[in-house]
>>> print(open('entry-v2.cif').read())   # mmCIF, C-alpha atoms and all ligand atoms
data_protein
loop_
_atom_site.group_PDB
_atom_site.id
_atom_site.type_symbol
_atom_site.label_atom_id
_atom_site.label_comp_id
_atom_site.auth_asym_id
_atom_site.auth_seq_id
_atom_site.Cartn_x
_atom_site.Cartn_y
_atom_site.Cartn_z
ATOM 1 C CA MET A 1 -2.352 15.371 8.616
ATOM 2 C CA CYS A 2 -1.817 13.953 5.183
ATOM 3 C CA HIS A 3 -3.842 10.835 4.495
ATOM 4 C CA ARG A 4 -0.717 9.000 3.384
ATOM 5 C CA LYS A 5 0.601 9.195 6.909
ATOM 6 C CA VAL A 6 -2.807 8.184 8.280
ATOM 7 C CA ILE A 7 -2.773 5.139 6.003
ATOM 8 C CA ARG A 8 0.754 4.163 6.936
ATOM 9 C CA ASP A 9 0.048 4.627 10.624
ATOM 10 C CA ARG A 10 -3.311 2.906 10.802
ATOM 11 C CA VAL A 11 -3.808 0.456 7.958
ATOM 12 C CA ASN A 12 -2.377 -2.961 8.814
ATOM 13 C CA LEU A 13 -0.939 -3.860 5.420
ATOM 14 C CA VAL A 14 -0.393 -7.540 6.209
ATOM 15 C CA GLU A 15 -4.024 -7.871 7.269
ATOM 16 C CA LEU A 16 -5.151 -6.070 4.128
ATOM 17 C CA LEU A 17 -3.084 -8.287 1.821
ATOM 18 C CA LEU A 18 -4.327 -11.444 3.532
ATOM 19 C CA GLN A 19 -7.906 -10.275 2.965
ATOM 20 C CA PHE A 20 -7.212 -10.194 -0.754
ATOM 21 C CA GLY A 21 -5.730 -13.658 -0.790
ATOM 22 C CA ILE A 22 -2.068 -12.704 -0.905
ATOM 23 C CA ASP A 23 -0.171 -15.545 0.731
ATOM 24 C CA ILE A 24 2.324 -13.997 3.123
ATOM 25 C CA ASP A 25 5.065 -15.850 4.948
ATOM 26 C CA LEU A 26 6.990 -14.591 7.900
ATOM 27 C CA PHE A 27 10.664 -14.813 7.006
ATOM 28 C CA TYR A 28 12.841 -13.835 9.951
ATOM 29 C CA ASP A 29 11.353 -10.452 10.867
ATOM 30 C CA CYS A 30 9.981 -9.604 7.426
ATOM 31 C CA TYR A 31 6.818 -10.613 5.650
ATOM 32 C CA VAL A 32 7.451 -11.993 2.184
ATOM 33 C CA ALA A 33 5.024 -12.934 -0.587
ATOM 34 C CA TYR A 34 4.878 -13.570 -4.309
ATOM 35 C CA CYS A 35 4.584 -10.244 -6.111
ATOM 36 C CA PRO A 36 0.901 -9.690 -6.957
ATOM 37 C CA LEU A 37 1.731 -8.025 -10.272
ATOM 38 C CA PRO A 38 0.960 -10.728 -12.852
ATOM 39 C CA GLU A 39 3.864 -9.734 -15.073
ATOM 40 C CA CYS A 40 6.267 -10.154 -12.147
ATOM 41 C CA GLY A 41 5.278 -12.842 -9.639
ATOM 42 C CA ALA A 42 8.743 -12.949 -8.082
ATOM 43 C CA PRO A 43 8.880 -14.281 -4.495
ATOM 44 C CA LEU A 44 10.564 -11.047 -3.495
ATOM 45 C CA PHE A 45 7.600 -8.950 -2.399
ATOM 46 C CA VAL A 46 8.492 -7.700 1.072
ATOM 47 C CA VAL A 47 6.072 -6.085 3.501
ATOM 48 C CA ASP A 48 7.308 -4.071 6.421
ATOM 49 C CA PRO A 49 4.537 -3.505 8.962
ATOM 50 C CA GLU A 50 6.944 -1.919 11.423
ATOM 51 C CA TYR A 51 8.147 0.667 8.993
ATOM 52 C CA GLY A 52 5.089 2.541 7.859
ATOM 53 C CA ASN A 53 3.116 -0.422 6.520
ATOM 54 C CA THR A 54 4.742 -0.296 3.126
ATOM 55 C CA PHE A 55 5.697 -2.913 0.570
ATOM 56 C CA LEU A 56 8.501 -3.263 -1.937
ATOM 57 C CA CYS A 57 9.063 -5.915 -4.599
ATOM 58 C CA PHE A 58 12.762 -6.545 -5.114
ATOM 59 C CA GLY A 59 11.905 -8.263 -8.393
ATOM 60 C CA CYS A 60 10.207 -5.455 -10.283
ATOM 61 C CA GLY A 61 10.534 -2.463 -7.982
ATOM 62 C CA PHE A 62 6.789 -2.108 -7.372
ATOM 63 C CA GLN A 63 6.278 -0.337 -4.064
ATOM 64 C CA GLY A 64 3.731 1.539 -2.047
ATOM 65 C CA ASP A 65 1.261 1.265 0.807
ATOM 66 C CA GLY A 66 -2.281 -0.007 1.393
ATOM 67 C CA LEU A 67 -3.768 2.604 -0.910
ATOM 68 C CA ASP A 68 -1.370 1.740 -3.735
ATOM 69 C CA PHE A 69 -2.248 -1.919 -3.338
ATOM 70 C CA LEU A 70 -5.989 -1.229 -3.629
ATOM 71 C CA THR A 71 -5.677 1.076 -6.635
ATOM 72 C CA ASP A 72 -2.891 -0.656 -8.577
ATOM 73 C CA ILE A 73 -3.526 -4.332 -7.826
ATOM 74 C CA VAL A 74 -7.171 -4.614 -6.834
ATOM 75 C CA GLY A 75 -8.130 -1.929 -9.346
ATOM 76 C CA LEU A 76 -10.299 0.297 -7.153
ATOM 77 C CA SER A 77 -10.576 3.996 -7.845
ATOM 78 C CA CYS A 78 -8.839 6.198 -5.331
ATOM 79 C CA GLY A 79 -12.160 7.264 -3.769
ATOM 80 C CA ASP A 80 -13.414 3.683 -3.469
ATOM 81 C CA ALA A 81 -10.110 2.564 -1.986
ATOM 82 C CA LEU A 82 -10.259 5.272 0.679
ATOM 83 C CA GLU A 83 -13.833 4.308 1.559
ATOM 84 C CA PHE A 84 -12.794 0.677 1.831
ATOM 85 C CA LEU A 85 -9.905 1.522 4.150
ATOM 86 C CA SER A 86 -12.172 3.755 6.216
ATOM 87 C CA GLU A 87 -14.703 0.976 6.788
ATOM 88 C CA GLU A 88 -12.235 -1.844 7.156
ATOM 89 C CA PHE A 89 -9.875 -0.167 9.603
ATOM 90 C CA GLY A 90 -12.299 2.226 11.316
ATOM 91 C CA ILE A 91 -10.604 5.398 10.123
ATOM 92 C CA PRO A 92 -12.904 8.412 9.672
ATOM 93 C CA ILE A 93 -13.183 9.081 5.940
ATOM 94 C CA GLU A 94 -12.466 12.781 6.370
ATOM 95 C CA GLU A 95 -9.055 11.892 7.807
ATOM 96 C CA LEU A 96 -8.329 9.933 4.642
ATOM 97 C CA ARG A 97 -9.569 12.500 2.177
ATOM 98 C CA GLY A 98 -7.012 15.137 3.066
ATOM 99 C CA ASN A 99 -5.272 15.145 -0.291
ATOM 100 C CA VAL A 100 -5.631 13.996 -3.845
ATOM 101 C CA CYS A 101 -3.843 10.650 -4.089
ATOM 102 C CA TRP A 102 -1.628 11.162 -7.060
ATOM 103 C CA GLU A 103 -0.192 14.440 -5.886
ATOM 104 C CA ALA A 104 0.288 13.019 -2.431
ATOM 105 C CA ARG A 105 2.349 10.155 -3.821
ATOM 106 C CA VAL A 106 4.917 12.607 -4.981
ATOM 107 C CA ALA A 107 4.607 15.238 -2.277
ATOM 108 C CA ASP A 108 4.358 13.151 0.867
ATOM 109 C CA THR A 109 7.606 11.342 1.309
ATOM 110 C CA GLY A 110 7.851 12.208 4.993
ATOM 111 C CA HIS A 111 9.200 9.395 7.201
ATOM 112 C CA TRP A 112 9.310 7.047 4.214
ATOM 113 C CA GLU A 113 12.677 6.023 2.839
ATOM 114 C CA TRP A 114 11.510 4.270 -0.267
ATOM 115 C CA GLU A 115 10.600 6.442 -3.213
ATOM 116 C CA PRO A 116 6.851 6.864 -3.565
ATOM 117 C CA ALA A 117 5.315 4.567 -6.144
ATOM 118 C CA ILE A 118 4.922 6.341 -9.445
ATOM 119 C CA LYS A 119 2.515 4.041 -11.176
ATOM 120 C CA MET A 120 -0.061 5.932 -13.149
ATOM 121 C CA LYS A 121 -1.458 3.121 -15.249
ATOM 122 C CA HIS A 122 -5.046 3.851 -14.165
ATOM 123 C CA ARG A 123 -4.833 7.551 -15.014
HETATM 124 ZN ZN ZN A 201 7.292 -7.657 -8.523
#
>>> encode(input="entry-v2.cif", output="structure tokens")
Amino acid sequence: MCHRKVIRDRVNLVELLLQFGIDIDLFYDCYVAYCPLPECGAPLFVVDPEYGNTFLCFGCGFQGDGLDFLTDIVGLSCGDALEFLSEEFGIPIEELRGNVCWEARVADTGHWEWEPAIKMKHR
């Protein structure tokens, strides 16, 4: 199983964002926050825990899952981010290390409607 699916199935994105101080409000049946990208900050950052634990900012188009958040916003390396998710959510690390992140972003679009985040600023 690709680790992207493992992350989307088992990482509670709302819980993860709250841990990093992202202020999330429940708005009808969606979770909405201010976009954590400093150059954006629009109050249009929507988290969908029902649909694969993914986020999308309608202000700047930034999107992804728990792993994208840790690498692109928190600034962890991919390996560190996977270890963090493993410890925090009790997912065996070998289940998370199935693929190299950046390839998986492009390759694993299964059951995910939004385009995978192509943000390579740390590479
Ligand atoms: Zn944004």
>>> residues_around(input="entry-v2.cif", residues="A:Leu70", least_positions_apart="3", cutoff="10 Å", atoms="all atoms listed in the file", output="ChimeraX atom specification")
/A:16-17,20,65-67,73-78,80-82,84-85
>>> atom_distance(input="entry-v2.cif", atom1="atom CA of A:Phe45", atom2="atom CA of A:Ala33")
5.1 Å
>>> residues_near_ligand(input="entry-v2.cif", ligand="ligand ZN 201 (chain A)", cutoff="12 Å", atoms="all atoms listed in the file", output="list in words")
Val32, Ala33, Tyr34, Cys35, Pro36, Leu37, Pro38, Glu39, Cys40, Gly41, Ala42, Pro43, Leu44, Phe45, Val46, Phe55, Leu56, Cys57, Phe58, Gly59, Cys60, Gly61, Phe62, Gln63, Gly64 and Ile73 of chain A
>>> write_last_selection(input="entry-v2.cif", atoms="C-alpha atoms", output="short mmCIF file (atom, residue, chain, number, x, y, z; two decimals), in the coordinates of the input")
data_model
loop_
_atom_site.label_atom_id
_atom_site.label_comp_id
_atom_site.auth_asym_id
_atom_site.auth_seq_id
_atom_site.Cartn_x
_atom_site.Cartn_y
_atom_site.Cartn_z
CA VAL A 32 7.45 -11.99 2.18
CA ALA A 33 5.02 -12.93 -0.59
CA TYR A 34 4.88 -13.57 -4.31
CA CYS A 35 4.58 -10.24 -6.11
CA PRO A 36 0.90 -9.69 -6.96
CA LEU A 37 1.73 -8.02 -10.27
CA PRO A 38 0.96 -10.73 -12.85
CA GLU A 39 3.86 -9.73 -15.07
CA CYS A 40 6.27 -10.15 -12.15
CA GLY A 41 5.28 -12.84 -9.64
CA ALA A 42 8.74 -12.95 -8.08
CA PRO A 43 8.88 -14.28 -4.50
CA LEU A 44 10.56 -11.05 -3.50
CA PHE A 45 7.60 -8.95 -2.40
CA VAL A 46 8.49 -7.70 1.07
CA PHE A 55 5.70 -2.91 0.57
CA LEU A 56 8.50 -3.26 -1.94
CA CYS A 57 9.06 -5.92 -4.60
CA PHE A 58 12.76 -6.54 -5.11
CA GLY A 59 11.90 -8.26 -8.39
CA CYS A 60 10.21 -5.46 -10.28
CA GLY A 61 10.53 -2.46 -7.98
CA PHE A 62 6.79 -2.11 -7.37
CA GLN A 63 6.28 -0.34 -4.06
CA GLY A 64 3.73 1.54 -2.05
CA ILE A 73 -3.53 -4.33 -7.83
#
>>> atom_distance(input="entry-v2.cif", atom1="atom CA of A:Thr71", atom2="atom CA of A:Tyr51")
20.9 Å
>>> resolve_selection(input="entry-v2.cif", expression="the PyMOL selection byres (((chain A and resi 10) around 12) and not hetatm)", output="NGL selection string")
:A and (3-9 or 11-16 or 49-54 or 65-67 or 85-86 or 88-92 or 95-96)
>>> axis_aligned_box(input="entry-v2.cif", around="stretch 73-81 of chain A", padding_each_side="4 Å", output="JSON")
{"center_x": -8.5, "center_y": 1.3, "center_z": -5.7, "size_x": 17.9, "size_y": 19.9, "size_z": 15.4}
>>> atom_distance(input="entry-v2.cif", atom1="atom CA of A:Glu94", atom2="atom CA of A:Leu18")
25.7 Å
